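Novice: The file below is data06.cif, mmCIF, C-alpha atoms:
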```
data_my_file
loop_
_atom_site.label_atom_id
_atom_site.label_comp_id
_atom_site.auth_asym_id
_atom_site.auth_seq_id
_atom_site.Cartn_x
_atom_site.Cartn_y
_atom_site.Cartn_z
CA MET A 1 5.20 10.52 5.40
CA GLU A 2 3.02 7.72 6.72
CA ASN A 3 3.10 4.25 5.26
CA THR A 4 0.12 3.96 2.92
CA SER A 5 0.73 0.39 1.71
CA HIS A 6 -1.32 -0.85 4.66
CA GLN A 7 -4.06 1.70 4.04
CA ILE A 8 -7.28 1.41 2.11
CA GLY A 9 -8.94 3.96 -0.18
CA TRP A 10 -12.53 5.19 0.02
CA LYS A 11 -13.77 2.55 -2.46
CA THR A 12 -12.65 -0.35 -0.25
CA ALA A 13 -14.09 1.51 2.75
CA VAL A 14 -17.45 1.80 0.93
CA ALA A 15 -17.22 -1.92 0.07
CA ILE A 16 -16.73 -2.72 3.76
CA VAL A 17 -19.71 -0.54 4.76
CA VAL A 18 -21.97 -2.04 2.06
CA SER A 19 -20.93 -5.63 2.67
CA ASN A 20 -21.32 -5.28 6.43
CA MET A 21 -24.79 -3.78 6.02
CA ILE A 22 -26.36 -5.87 3.26
CA GLY A 23 -26.60 -9.36 4.65
CA THR A 24 -28.86 -11.35 6.86
CA GLY A 25 -31.44 -8.73 7.83
CA ILE A 26 -32.76 -7.69 4.44
CA PHE A 27 -33.20 -11.28 3.24
CA THR A 28 -34.85 -12.63 6.40
CA THR A 29 -36.82 -10.03 8.35
CA LEU A 30 -39.73 -9.09 6.09
CA GLY A 31 -41.46 -12.32 7.14
CA PHE A 32 -41.35 -11.27 10.81
CA GLN A 33 -42.68 -7.79 9.96
CA LEU A 34 -45.59 -9.05 7.84
CA VAL A 35 -47.07 -10.92 10.81
CA ASP A 36 -48.42 -7.57 12.13
CA ILE A 37 -47.57 -4.89 9.57
CA THR A 38 -49.02 -5.51 6.10
CA ASN A 39 -49.44 -2.07 4.56
CA THR A 40 -46.77 -1.36 1.94
CA TYR A 41 -46.46 2.30 3.00
CA SER A 42 -45.81 1.19 6.60
CA ILE A 43 -43.12 -1.23 5.47
CA PHE A 44 -41.46 1.40 3.27
CA LEU A 45 -41.63 3.86 6.14
CA LEU A 46 -39.90 1.35 8.44
CA TRP A 47 -37.01 0.90 6.01
CA THR A 48 -36.77 4.64 5.28
CA ILE A 49 -36.60 5.46 9.00
CA GLY A 50 -33.89 2.79 9.31
CA GLY A 51 -31.91 4.42 6.49
CA VAL A 52 -32.24 7.93 7.93
CA LEU A 53 -31.17 6.71 11.39
CA ALA A 54 -28.19 4.88 9.87
CA LEU A 55 -27.23 8.03 7.97
CA PHE A 56 -27.58 10.28 11.04
CA GLY A 57 -25.61 7.73 13.03
CA ALA A 58 -22.99 7.69 10.28
CA PHE A 59 -22.72 11.51 10.40
CA CYS A 60 -22.08 11.34 14.16
CA TYR A 61 -19.52 8.56 13.71
CA ALA A 62 -17.77 10.43 10.90
CA GLU A 63 -17.34 13.39 13.24
CA LEU A 64 -16.33 11.15 16.15
CA GLY A 65 -13.93 9.15 13.96
CA ALA A 66 -12.22 12.34 12.77
CA HIS A 67 -12.06 13.64 16.37
CA PHE A 68 -10.71 10.46 18.01
CA LYS A 69 -8.12 9.32 15.51
CA GLY A 70 -7.13 5.67 15.06
CA ASN A 71 -8.97 2.37 15.18
CA GLY A 72 -11.45 1.35 17.83
CA GLY A 73 -14.76 3.07 17.09
CA ASP A 74 -17.15 3.27 20.03
CA PHE A 75 -14.62 1.68 22.41
CA ILE A 76 -12.53 4.88 22.19
CA TYR A 77 -15.54 7.23 22.19
CA LEU A 78 -17.10 5.74 25.33
CA LYS A 79 -13.86 5.22 27.21
CA GLU A 80 -12.61 8.75 26.58
CA THR A 81 -15.96 10.50 27.05
CA TYR A 82 -17.55 8.67 29.98
CA HIS A 83 -15.63 5.98 31.84
CA PRO A 84 -13.29 3.05 31.04
CA LEU A 85 -16.08 0.69 32.21
CA LEU A 86 -18.22 1.65 29.20
CA GLY A 87 -15.28 1.21 26.86
CA TYR A 88 -14.72 -2.22 28.38
CA LEU A 89 -18.41 -3.14 28.08
CA VAL A 90 -18.67 -2.11 24.45
CA SER A 91 -15.64 -4.30 23.67
CA TRP A 92 -17.14 -7.19 25.62
CA ILE A 93 -20.43 -6.76 23.74
CA SER A 94 -18.53 -6.62 20.43
CA LEU A 95 -16.78 -9.87 21.27
CA ILE A 96 -19.84 -11.76 22.52
CA ILE A 97 -22.65 -10.17 20.49
CA GLY A 98 -21.73 -7.37 18.09
CA PHE A 99 -19.40 -9.26 15.81
CA SER A 100 -20.21 -12.85 16.71
CA SER A 101 -24.04 -12.84 16.52
CA PRO A 102 -24.16 -11.46 12.95
CA VAL A 103 -21.72 -14.23 11.96
CA ALA A 104 -23.99 -16.82 13.61
CA LEU A 105 -27.15 -15.35 12.05
CA ALA A 106 -25.59 -15.17 8.57
CA ALA A 107 -24.44 -18.78 8.80
CA LEU A 108 -27.90 -19.90 10.02
CA ALA A 109 -29.58 -17.96 7.19
CA MET A 110 -27.21 -19.63 4.72
CA SER A 111 -28.26 -23.09 5.85
CA LYS A 112 -31.92 -21.99 5.72
CA TYR A 113 -31.65 -20.72 2.15
CA LEU A 114 -29.74 -23.79 0.95
CA SER A 115 -32.38 -26.11 2.36
CA ALA A 116 -34.39 -25.28 -0.81
CA PHE A 117 -32.43 -28.19 -2.27
CA ASN A 118 -34.50 -30.68 -0.28
CA TYR A 119 -31.50 -31.40 1.88
CA SER A 120 -31.41 -30.12 5.39
CA PHE A 121 -28.25 -28.08 5.90
CA GLY A 122 -28.35 -27.87 9.66
CA ASN A 123 -26.27 -26.21 12.36
CA GLY A 124 -23.25 -28.37 11.47
CA PHE A 125 -23.09 -26.77 8.03
CA ALA A 126 -23.47 -23.26 9.49
CA ILE A 127 -20.63 -23.86 11.95
CA GLY A 128 -18.39 -25.41 9.27
CA MET A 129 -18.87 -22.33 7.05
CA ILE A 130 -17.82 -19.99 9.85
CA PHE A 131 -14.55 -21.86 10.41
CA LEU A 132 -13.88 -22.07 6.68
CA VAL A 133 -14.16 -18.28 6.32
CA ALA A 134 -12.06 -17.78 9.48
CA MET A 135 -9.33 -19.88 7.88
CA PHE A 136 -9.35 -17.81 4.68
CA LEU A 137 -8.96 -14.60 6.69
CA SER A 138 -5.90 -15.97 8.50
CA PHE A 139 -3.36 -15.88 5.65
CA SER A 140 -2.53 -12.23 4.90
CA LEU A 141 -4.16 -8.82 4.56
CA LYS A 142 -3.90 -9.12 0.78
CA ALA A 143 -5.59 -12.53 0.75
CA SER A 144 -8.28 -11.27 3.16
CA SER A 145 -8.91 -8.25 0.93
CA ARG A 146 -9.18 -10.34 -2.22
CA PHE A 147 -11.45 -12.90 -0.60
CA HIS A 148 -13.64 -10.20 0.93
CA ASN A 149 -13.78 -8.01 -2.19
CA PHE A 150 -14.67 -11.00 -4.40
CA PHE A 151 -17.65 -11.98 -2.24
CA THR A 152 -18.65 -8.33 -1.84
CA PHE A 153 -18.65 -7.99 -5.63
CA ILE A 154 -20.92 -11.06 -5.86
CA LYS A 155 -23.17 -9.53 -3.21
CA ILE A 156 -23.55 -6.15 -4.89
CA ALA A 157 -23.87 -7.54 -8.43
CA PHE A 158 -26.44 -10.07 -7.24
CA VAL A 159 -28.54 -7.45 -5.43
CA VAL A 160 -28.48 -5.12 -8.47
CA VAL A 161 -29.44 -7.91 -10.92
CA LEU A 162 -32.16 -9.13 -8.55
CA ILE A 163 -33.63 -5.62 -8.30
CA ILE A 164 -33.65 -5.14 -12.10
CA LEU A 165 -35.34 -8.53 -12.67
CA GLY A 166 -37.81 -8.03 -9.84
CA VAL A 167 -38.88 -4.60 -11.04
CA MET A 168 -39.22 -5.66 -14.69
CA LEU A 169 -40.94 -9.04 -14.34
CA SER A 170 -44.66 -9.02 -13.73
CA GLY A 171 -46.09 -10.31 -10.46
CA PRO A 172 -47.34 -13.90 -10.03
CA GLU A 173 -50.94 -15.03 -10.65
CA ILE A 174 -51.34 -16.06 -7.01
CA GLY A 175 -51.27 -12.39 -6.12
CA ASN A 176 -48.90 -10.11 -4.26
CA SER A 177 -48.48 -8.45 -0.87
CA LEU A 178 -48.68 -4.86 -2.08
CA LYS A 179 -51.30 -3.06 -0.05
CA LEU A 180 -51.57 0.66 -0.74
CA ASP A 181 -54.52 1.88 1.30
CA ASN A 182 -54.91 4.09 4.38
CA SER A 183 -54.38 1.35 6.96
CA TRP A 184 -50.78 2.56 7.43
CA LYS A 185 -52.12 5.35 9.65
CA ASN A 186 -53.24 2.78 12.22
CA GLU A 187 -50.25 0.50 11.74
CA ILE A 188 -47.61 3.09 12.56
CA MET A 189 -49.27 3.54 15.98
CA LEU A 190 -48.98 -0.16 16.82
CA PRO A 191 -46.30 -1.45 19.22
CA ALA A 192 -45.51 -3.95 16.43
CA PHE A 193 -44.31 -1.01 14.32
CA ALA A 194 -41.70 -0.19 16.96
CA THR A 195 -40.65 -3.80 17.38
CA SER A 196 -40.40 -4.18 13.59
CA LEU A 197 -37.93 -1.29 13.68
CA VAL A 198 -35.67 -3.57 15.74
CA PHE A 199 -35.33 -5.89 12.74
CA VAL A 200 -34.83 -2.93 10.44
CA THR A 201 -32.15 -1.25 12.54
CA TYR A 202 -30.36 -4.59 12.76
CA SER A 203 -30.45 -4.85 8.96
CA TYR A 204 -28.70 -1.47 8.81
CA THR A 205 -26.04 -2.31 11.41
CA GLY A 206 -22.70 -2.00 9.76
CA TRP A 207 -23.17 1.68 8.85
CA ASN A 208 -20.49 2.34 11.44
CA SER A 209 -18.10 -0.41 10.32
CA ALA A 210 -15.68 1.85 8.44
CA SER A 211 -15.21 3.97 11.57
CA TYR A 212 -13.70 0.95 13.36
CA ILE A 213 -10.85 0.84 10.88
CA ALA A 214 -10.42 4.63 10.60
CA GLY A 215 -6.72 4.09 11.31
CA GLU A 216 -6.40 2.06 8.10
CA ILE A 217 -8.13 4.60 5.80
CA LYS A 218 -6.09 7.03 3.67
CA ASP A 219 -6.94 10.73 4.13
CA VAL A 220 -9.46 9.82 6.80
CA GLN A 221 -11.13 13.22 7.22
CA LYS A 222 -12.28 13.21 3.63
CA ASN A 223 -12.68 9.48 2.99
CA LEU A 224 -14.38 8.31 6.19
CA PRO A 225 -17.51 10.53 5.85
CA LYS A 226 -17.55 9.88 2.10
CA SER A 227 -17.53 6.09 2.55
CA LEU A 228 -20.13 6.14 5.36
CA ILE A 229 -22.53 8.38 3.45
CA LEU A 230 -22.18 6.71 0.04
CA GLY A 231 -22.45 3.26 1.59
CA THR A 232 -25.54 4.11 3.64
CA VAL A 233 -27.43 5.86 0.82
CA PHE A 234 -26.71 3.00 -1.60
CA VAL A 235 -27.91 0.41 0.92
CA THR A 236 -31.11 2.33 1.78
CA VAL A 237 -32.13 2.48 -1.88
CA CYS A 238 -31.34 -1.24 -2.30
CA TYR A 239 -33.37 -2.16 0.79
CA LEU A 240 -36.48 -0.32 -0.37
CA LEU A 241 -36.28 -1.96 -3.79
CA VAL A 242 -35.60 -5.46 -2.42
CA ASN A 243 -38.64 -5.18 -0.13
CA PHE A 244 -40.73 -3.94 -3.04
CA ILE A 245 -39.70 -7.01 -5.08
CA MET A 246 -40.54 -9.47 -2.30
CA LEU A 247 -43.94 -7.82 -1.74
CA LYS A 248 -44.62 -7.71 -5.47
CA HIS A 249 -43.78 -11.36 -6.13
CA ALA A 250 -45.42 -13.19 -3.24
CA PRO A 251 -48.71 -13.00 -1.30
CA VAL A 252 -48.63 -12.28 2.44
CA ASN A 253 -49.56 -15.83 3.48
CA GLN A 254 -46.50 -17.15 1.65
CA LEU A 255 -44.10 -14.76 3.43
CA ALA A 256 -45.47 -14.07 6.93
CA GLY A 257 -43.43 -15.67 9.69
CA LYS A 258 -40.83 -17.15 7.32
CA GLU A 259 -37.07 -16.56 7.33
CA ASP A 260 -36.20 -17.36 3.69
CA VAL A 261 -38.60 -14.74 2.27
CA MET A 262 -36.50 -13.86 -0.78
CA GLY A 263 -36.38 -17.54 -1.74
CA GLU A 264 -40.20 -17.69 -1.69
CA ALA A 265 -40.50 -14.59 -3.86
CA ALA A 266 -37.75 -15.77 -6.24
CA ASN A 267 -39.54 -19.07 -6.83
CA ASN A 268 -42.66 -17.20 -7.95
CA MET A 269 -40.60 -14.73 -9.94
CA LEU A 270 -38.27 -17.05 -11.84
CA GLY A 271 -39.75 -20.53 -11.43
CA HIS A 272 -38.32 -23.22 -9.17
CA THR A 273 -35.07 -23.84 -11.05
CA PHE A 274 -33.95 -20.21 -11.22
CA GLY A 275 -35.48 -19.59 -7.82
CA LYS A 276 -32.93 -22.07 -6.46
CA VAL A 277 -30.13 -20.15 -8.19
CA VAL A 278 -31.23 -17.07 -6.22
CA ASN A 279 -31.01 -19.13 -3.04
CA ILE A 280 -27.42 -20.07 -3.90
CA PHE A 281 -26.51 -16.43 -4.50
CA ILE A 282 -28.10 -15.33 -1.23
CA ALA A 283 -26.01 -17.99 0.50
CA LEU A 284 -22.86 -16.82 -1.34
CA GLN A 285 -23.37 -13.14 -0.52
CA LEU A 286 -23.74 -14.13 3.15
CA VAL A 287 -20.11 -15.34 2.97
CA ALA A 288 -19.13 -11.65 2.63
CA THR A 289 -21.24 -10.86 5.71
CA ILE A 290 -19.42 -13.52 7.71
CA SER A 291 -16.00 -12.37 6.47
CA GLY A 292 -16.78 -8.67 7.03
CA TYR A 293 -17.78 -9.22 10.65
CA LEU A 294 -14.89 -11.58 11.42
CA TRP A 295 -12.44 -9.14 9.81
CA VAL A 296 -13.55 -5.99 11.61
CA GLY A 297 -14.49 -7.77 14.84
CA SER A 298 -11.11 -9.45 15.23
CA ARG A 299 -9.28 -6.10 14.84
CA LEU A 300 -11.46 -4.63 17.56
CA THR A 301 -10.99 -7.60 19.87
CA GLN A 302 -7.23 -7.50 19.33
CA ALA A 303 -7.07 -3.83 20.36
CA PHE A 304 -9.23 -4.59 23.43
CA ALA A 305 -7.12 -7.63 24.36
CA LYS A 306 -3.89 -5.63 24.33
CA GLU A 307 -5.26 -3.40 27.09
CA ASN A 308 -6.80 -6.00 29.39
CA ARG A 309 -4.96 -8.77 31.16
CA LEU A 310 -7.78 -11.33 31.14
CA TRP A 311 -7.88 -11.28 27.35
CA LYS A 312 -4.15 -10.85 26.68
CA THR A 313 -3.84 -14.12 24.72
CA LEU A 314 -6.29 -12.86 22.06
CA SER A 315 -4.00 -9.98 21.11
CA ALA A 316 -1.37 -12.14 19.41
CA GLY A 317 -1.05 -11.93 15.62
CA ASN A 318 0.66 -14.31 13.19
CA GLN A 319 3.82 -13.41 11.21
CA LYS A 320 1.73 -11.41 8.76
CA GLY A 321 0.17 -9.41 11.60
CA ILE A 322 -3.29 -11.01 11.24
CA PRO A 323 -5.05 -11.34 14.65
CA VAL A 324 -5.66 -15.07 14.15
CA ARG A 325 -6.56 -15.86 17.75
CA ALA A 326 -9.18 -13.11 17.80
CA ILE A 327 -10.65 -14.34 14.49
CA PHE A 328 -11.06 -17.87 15.87
CA ALA A 329 -12.38 -16.58 19.21
CA HIS A 330 -15.24 -14.93 17.29
CA ALA A 331 -15.79 -18.14 15.32
CA VAL A 332 -16.05 -20.19 18.53
CA ILE A 333 -18.45 -17.71 20.17
CA ALA A 334 -20.62 -17.64 17.00
CA THR A 335 -20.76 -21.45 17.23
CA LEU A 336 -21.92 -21.31 20.86
CA ILE A 337 -24.60 -18.76 19.91
CA ILE A 338 -25.88 -21.11 17.16
CA LEU A 339 -26.04 -24.02 19.60
CA THR A 340 -27.97 -22.11 22.27
CA GLY A 341 -30.78 -20.19 20.55
CA SER A 342 -33.33 -19.99 17.75
CA PHE A 343 -32.83 -17.60 14.83
CA LYS A 344 -35.47 -15.12 15.96
CA GLU A 345 -34.40 -15.17 19.60
CA ILE A 346 -30.75 -14.51 18.71
CA PHE A 347 -31.93 -11.79 16.34
CA VAL A 348 -33.98 -9.92 18.95
CA TYR A 349 -31.46 -9.90 21.80
CA THR A 350 -28.64 -9.00 19.42
CA SER A 351 -30.60 -6.08 17.95
CA PHE A 352 -31.67 -4.87 21.38
CA ILE A 353 -28.14 -4.73 22.81
CA LEU A 354 -26.56 -3.29 19.65
CA GLN A 355 -29.19 -0.54 19.64
CA LEU A 356 -28.49 0.21 23.29
CA PHE A 357 -24.73 0.52 22.79
CA ALA A 358 -25.06 2.43 19.51
CA SER A 359 -27.16 4.96 21.46
CA LEU A 360 -24.51 5.29 24.16
CA ALA A 361 -21.82 5.80 21.52
CA ILE A 362 -23.88 8.34 19.58
CA SER A 363 -24.53 10.31 22.79
CA THR A 364 -20.79 11.07 22.98
CA ALA A 365 -21.23 13.32 19.91
CA TYR A 366 -22.76 15.99 22.20
CA PHE A 367 -19.37 16.37 23.88
CA ILE A 368 -17.43 17.46 20.79
CA LYS A 369 -17.18 21.23 20.98
CA LYS A 370 -18.04 23.29 17.94
CA ASP A 371 -14.44 24.36 17.31
CA GLN A 372 -13.28 20.73 17.50
CA ARG A 373 -15.66 19.52 14.80
CA LYS A 374 -13.96 18.79 11.51
CA ILE A 375 -16.89 18.09 9.18
CA PHE A 376 -20.11 19.72 10.42
CA LYS A 377 -19.38 23.22 11.68
CA SER A 378 -23.01 24.29 12.16
CA ASN A 379 -24.99 23.67 15.35
CA LEU A 380 -27.52 21.78 13.24
CA PHE A 381 -25.11 18.92 13.85
CA TYR A 382 -26.92 18.26 17.17
CA LEU A 383 -30.01 17.28 15.19
CA PHE A 384 -28.29 14.02 14.16
CA PRO A 385 -27.66 12.52 17.61
CA THR A 386 -30.98 13.86 18.94
CA VAL A 387 -33.15 12.23 16.26
CA PHE A 388 -31.13 9.02 16.52
CA LEU A 389 -31.54 8.83 20.30
CA LEU A 390 -35.28 9.61 20.30
CA PHE A 391 -35.96 6.74 17.90
CA SER A 392 -33.59 4.52 19.84
CA PHE A 393 -35.48 5.00 23.10
CA TYR A 394 -38.77 4.31 21.31
CA ILE A 395 -37.40 1.04 19.85
CA LEU A 396 -35.71 -0.08 23.09
CA TYR A 397 -38.77 0.61 25.20
CA PHE A 398 -41.12 -1.45 23.02
CA THR A 399 -38.61 -4.27 22.62
CA LEU A 400 -38.22 -4.50 26.39
CA VAL A 401 -42.01 -4.56 26.87
CA HIS A 402 -42.82 -6.99 24.05
CA ASN A 403 -39.76 -9.25 24.10
CA PRO A 404 -38.81 -9.30 27.79
CA LYS A 405 -37.06 -12.68 27.64
CA GLU A 406 -34.72 -11.74 24.78
CA SER A 407 -34.07 -8.29 26.27
CA MET A 408 -33.11 -9.90 29.58
CA ILE A 409 -30.71 -12.33 27.85
CA GLY A 410 -29.04 -9.28 26.32
CA LEU A 411 -28.89 -7.37 29.61
CA GLY A 412 -27.57 -10.52 31.34
CA ILE A 413 -24.63 -10.58 28.91
CA VAL A 414 -23.96 -6.90 29.77
CA ALA A 415 -24.07 -7.76 33.51
CA VAL A 416 -21.45 -10.51 33.02
CA GLY A 417 -19.28 -7.86 31.31
CA ILE A 418 -19.55 -5.55 34.35
CA VAL A 419 -18.38 -8.36 36.65
CA LEU A 420 -15.47 -9.17 34.31
CA TYR A 421 -14.43 -5.51 34.28
CA TRP A 422 -13.96 -5.52 38.06
CA VAL A 423 -12.23 -8.91 37.98
CA ASP A 424 -9.90 -7.59 35.28
CA LYS A 425 -9.11 -4.48 37.34
CA ARG A 426 -8.34 -6.52 40.46
CA PHE A 427 -6.29 -8.93 38.38
CA SER A 428 -4.24 -6.08 36.87
CA ARG A 429 -3.67 -4.52 40.29
CA VAL A 430 -2.34 -7.76 41.75
CA LYS A 431 0.05 -8.21 38.83
CA HIS A 432 1.56 -4.71 39.07
#
```
Write out the structure in this file as structure tokens.

Specialist:
Amino acid sequence: MENTSHQIGWKTAVAIVVSNMIGTGIFTTLGFQLVDITNTYSIFLLWTIGGVLALFGAFCYAELGAHFKGNGGDFIYLKETYHPLLGYLVSWISLIIGFSSPVALAALAMSKYLSAFNYSFGNGFAIGMIFLVAMFLSFSLKASSRFHNFFTFIKIAFVVVLIILGVMLSGPEIGNSLKLDNSWKNEIMLPAFATSLVFVTYSYTGWNSASYIAGEIKDVQKNLPKSLILGTVFVTVCYLLVNFIMLKHAPVNQLAGKEDVMGEAANNMLGHTFGKVVNIFIALQLVATISGYLWVGSRLTQAFAKENRLWKTLSAGNQKGIPVRAIFAHAVIATLIILTGSFKEIFVYTSFILQLFASLAISTAYFIKKDQRKIFKSNLFYLFPTVFLLFSFYILYFTLVHNPKESMIGLGIVAVGIVLYWVDKRFSRVKH
């Protein structure tokens, strides 16, 4: 009989999926999309494609998670399927980008949304918030769970209330951004449509988060797919409705190019006073984003550190078994990211690299033989990784062409990881 006191049920797993997905992307990226894509059908199509890709990705990860038992997610899939180098790289990317960039972006978005109070909350505030959350996660698993579940509850309740208000209240007199004509046919052919998908796929990252802690989920074969699917479907519906609200309550010229798009729409929707309340809630729900990424990321980094000599010091936990050093390592890296780039630049290179490594991880699904599959017995299963990868190549290609600088920053970080892998190997050989 395994010890279930340290295990979570499907509801907590869904909460982790939802809280890791809903966060920075949905409340910041519409402004970047509206610069080139203004047709409402095009925007809905973007977010629907994102949801379908997340769901197909989740199906692959559910199968992979059931096949490779235990924690570790794509680290295990890539290491076991291809080569330890890829496992090493995905862990390196998780440490530097995957779980540190979203923390940095969420903290930056928080300070952006709070600046509605005519006080500039700058980088110092963003960095302070990251360390505050890191501290809260350092006490015990119970305290972490309570802290995380409380802010996740705020997040979900806030999004649901916002959607109800936004759908019921009538649009402002200054007009809206809803544009329902045939121009979508031209827009979906534009390179900007592909690059907008980068923002969208980033907003859906987190669909795989429950697979990283598969080892902590009760009855994983049943509860992992359940939590991934429920979480992803719920988030897709929320995203479409949140975009509808922002488009309905603000004209294009008020939103295009801006980061705090929901704040702009909320001001029109509820007046300045209540609009500011929305800004506070967006900032509060971003606390759950920061805590979700620090929580899952530190577990991943701890597992990686145990296996590699260079990183050994990050594997230590405190008396309660919390990987405190790994949590603070992510906090420090997130701080460095904030100090070295602009919001949009960080966003693009993060999305580019995460998409690249998600594609590599998803490709391992082709190597699970039919008789080894636990959830999808039919050969239609291959449709999931195939559709995912086709869209991935389309997004990566256009990002590389249209944002070469950001793409190169991302690839540079990967290159550093390759060098470290060989250093680590040499280092380990000398020690033995």

Novice: What's around Ser120 of chain A at 8 Å? Count all atoms listed in the file, leave out sequence neighbours fewer than 4 positions away in its own chain, and write the answer as a list of chain:residue names.

Specialist: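 Here the qualifying residues turn out to be A:Ser111, A:Leu114, A:Ser115.
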
Novice: When you draw a straight line from atom CA of Val160 of chain A to atom CA of Leu105 of chain A, how long is it in Å?

Specialist: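 According to the coordinates, atom CA of Val160 of chain A and atom CA of Leu105 of chain A are separated by 23.0 Å.
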
Novice: Select, from A:Ile409, A:Leu89, A:Val252, A:Val18, the residue with the minimum atom-to-atom distance to Ile337 of chain A, counting only C-alpha atoms.

Specialist: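 That would be A:Ile409, the residue with the smallest distance to Ile337 of chain A.
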
Novice: Taking 3 positions as the minimum chain separation for residues in the same chain, which residues sit within 12 Å of Thr350 of chain A when counting only C-alpha atoms? Answer as number ranges by chain.

Specialist: A: 25, 93-94, 96-105, 198-199, 201-203, 205, 337, 341, 343-347, 353-358, 396, 399, 406-411, 413-414

Novice: What lies within 9 Å of Ala316 of chain A using all atoms listed in the file, ignoring chain neighbours under 4 positions off, as a list in words?

Specialist: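 The neighbour list is Gln302, Ala305, Lys306, Lys312, Gly321, Ile322, Pro323, Val324, Arg325 and Ala326 of chain A.
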
Novice: Write out, as a PDB file, keeping the file's coordinate frame, the residues just selected, with C-alpha atoms.

Specialist:
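Writing the result to selection_4.pdb gives the following:
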```pdb
ATOM      1  CA  GLN A 302      -7.230  -7.500  19.330  1.00  0.00           C
ATOM      2  CA  ALA A 305      -7.120  -7.630  24.360  1.00  0.00           C
ATOM      3  CA  LYS A 306      -3.890  -5.630  24.330  1.00  0.00           C
ATOM      4  CA  LYS A 312      -4.150 -10.850  26.680  1.00  0.00           C
ATOM      5  CA  GLY A 321       0.170  -9.410  11.600  1.00  0.00           C
ATOM      6  CA  ILE A 322      -3.290 -11.010  11.240  1.00  0.00           C
ATOM      7  CA  PRO A 323      -5.050 -11.340  14.650  1.00  0.00           C
ATOM      8  CA  VAL A 324      -5.660 -15.070  14.150  1.00  0.00           C
ATOM      9  CA  ARG A 325      -6.560 -15.860  17.750  1.00  0.00           C
ATOM     10  CA  ALA A 326      -9.180 -13.110  17.800  1.00  0.00           C
TER      11      ALA A 326
END
```

Novice: Just want the 9 Å neighbourhood of segment 180-186 of chain A, counted on only C-alpha atoms, with same-chain residues fewer than 5 positions away dropped. Output as a PyMOL selection string.

Specialist: chain A and resi 37-43

Novice: Would you mind putting back N, CA, C and O atoms on segment 187-197 of chain A, then writing it out as an mmCIF file, in the frame of the given file?

Specialist:
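What follows is the written file selection.cif:
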```cif
data_model
loop_
_atom_site.group_PDB
_atom_site.id
_atom_site.type_symbol
_atom_site.label_atom_id
_atom_site.label_comp_id
_atom_site.auth_asym_id
_atom_site.auth_seq_id
_atom_site.Cartn_x
_atom_site.Cartn_y
_atom_site.Cartn_z
ATOM 1 N N GLU A 187 -51.381 1.411 11.507
ATOM 2 C CA GLU A 187 -50.250 0.500 11.740
ATOM 3 C C GLU A 187 -49.054 1.182 12.395
ATOM 4 O O GLU A 187 -48.389 0.604 13.248
ATOM 5 N N ILE A 188 -48.811 2.456 12.002
ATOM 6 C CA ILE A 188 -47.610 3.090 12.560
ATOM 7 C C ILE A 188 -47.788 3.426 14.047
ATOM 8 O O ILE A 188 -46.826 3.747 14.729
ATOM 9 N N MET A 189 -49.027 3.305 14.549
ATOM 10 C CA MET A 189 -49.270 3.540 15.980
ATOM 11 C C MET A 189 -49.119 2.242 16.791
ATOM 12 O O MET A 189 -49.131 2.259 18.009
ATOM 13 N N LEU A 190 -49.026 1.118 16.111
ATOM 14 C CA LEU A 190 -48.980 -0.160 16.820
ATOM 15 C C LEU A 190 -47.618 -0.382 17.472
ATOM 16 O O LEU A 190 -46.592 0.018 16.921
ATOM 17 N N PRO A 191 -47.599 -1.059 18.635
ATOM 18 C CA PRO A 191 -46.300 -1.450 19.220
ATOM 19 C C PRO A 191 -45.486 -2.300 18.234
ATOM 20 O O PRO A 191 -44.263 -2.235 18.213
ATOM 21 N N ALA A 192 -46.199 -3.083 17.407
ATOM 22 C CA ALA A 192 -45.510 -3.950 16.430
ATOM 23 C C ALA A 192 -44.671 -3.129 15.447
ATOM 24 O O ALA A 192 -43.676 -3.609 14.921
ATOM 25 N N PHE A 193 -45.087 -1.870 15.225
ATOM 26 C CA PHE A 193 -44.310 -1.010 14.320
ATOM 27 C C PHE A 193 -42.942 -0.730 14.945
ATOM 28 O O PHE A 193 -41.909 -0.815 14.290
ATOM 29 N N ALA A 194 -42.964 -0.455 16.251
ATOM 30 C CA ALA A 194 -41.700 -0.190 16.960
ATOM 31 C C ALA A 194 -40.829 -1.436 17.010
ATOM 32 O O ALA A 194 -39.619 -1.372 16.785
ATOM 33 N N THR A 195 -41.470 -2.586 17.288
ATOM 34 C CA THR A 195 -40.650 -3.800 17.380
ATOM 35 C C THR A 195 -40.146 -4.225 16.000
ATOM 36 O O THR A 195 -39.070 -4.801 15.884
ATOM 37 N N SER A 196 -40.900 -3.902 14.946
ATOM 38 C CA SER A 196 -40.400 -4.180 13.590
ATOM 39 C C SER A 196 -39.160 -3.341 13.290
ATOM 40 O O SER A 196 -38.287 -3.750 12.533
ATOM 41 N N LEU A 197 -39.110 -2.143 13.884
ATOM 42 C CA LEU A 197 -37.930 -1.290 13.680
ATOM 43 C C LEU A 197 -36.666 -1.951 14.226
ATOM 44 O O LEU A 197 -35.559 -1.649 13.778
#
```
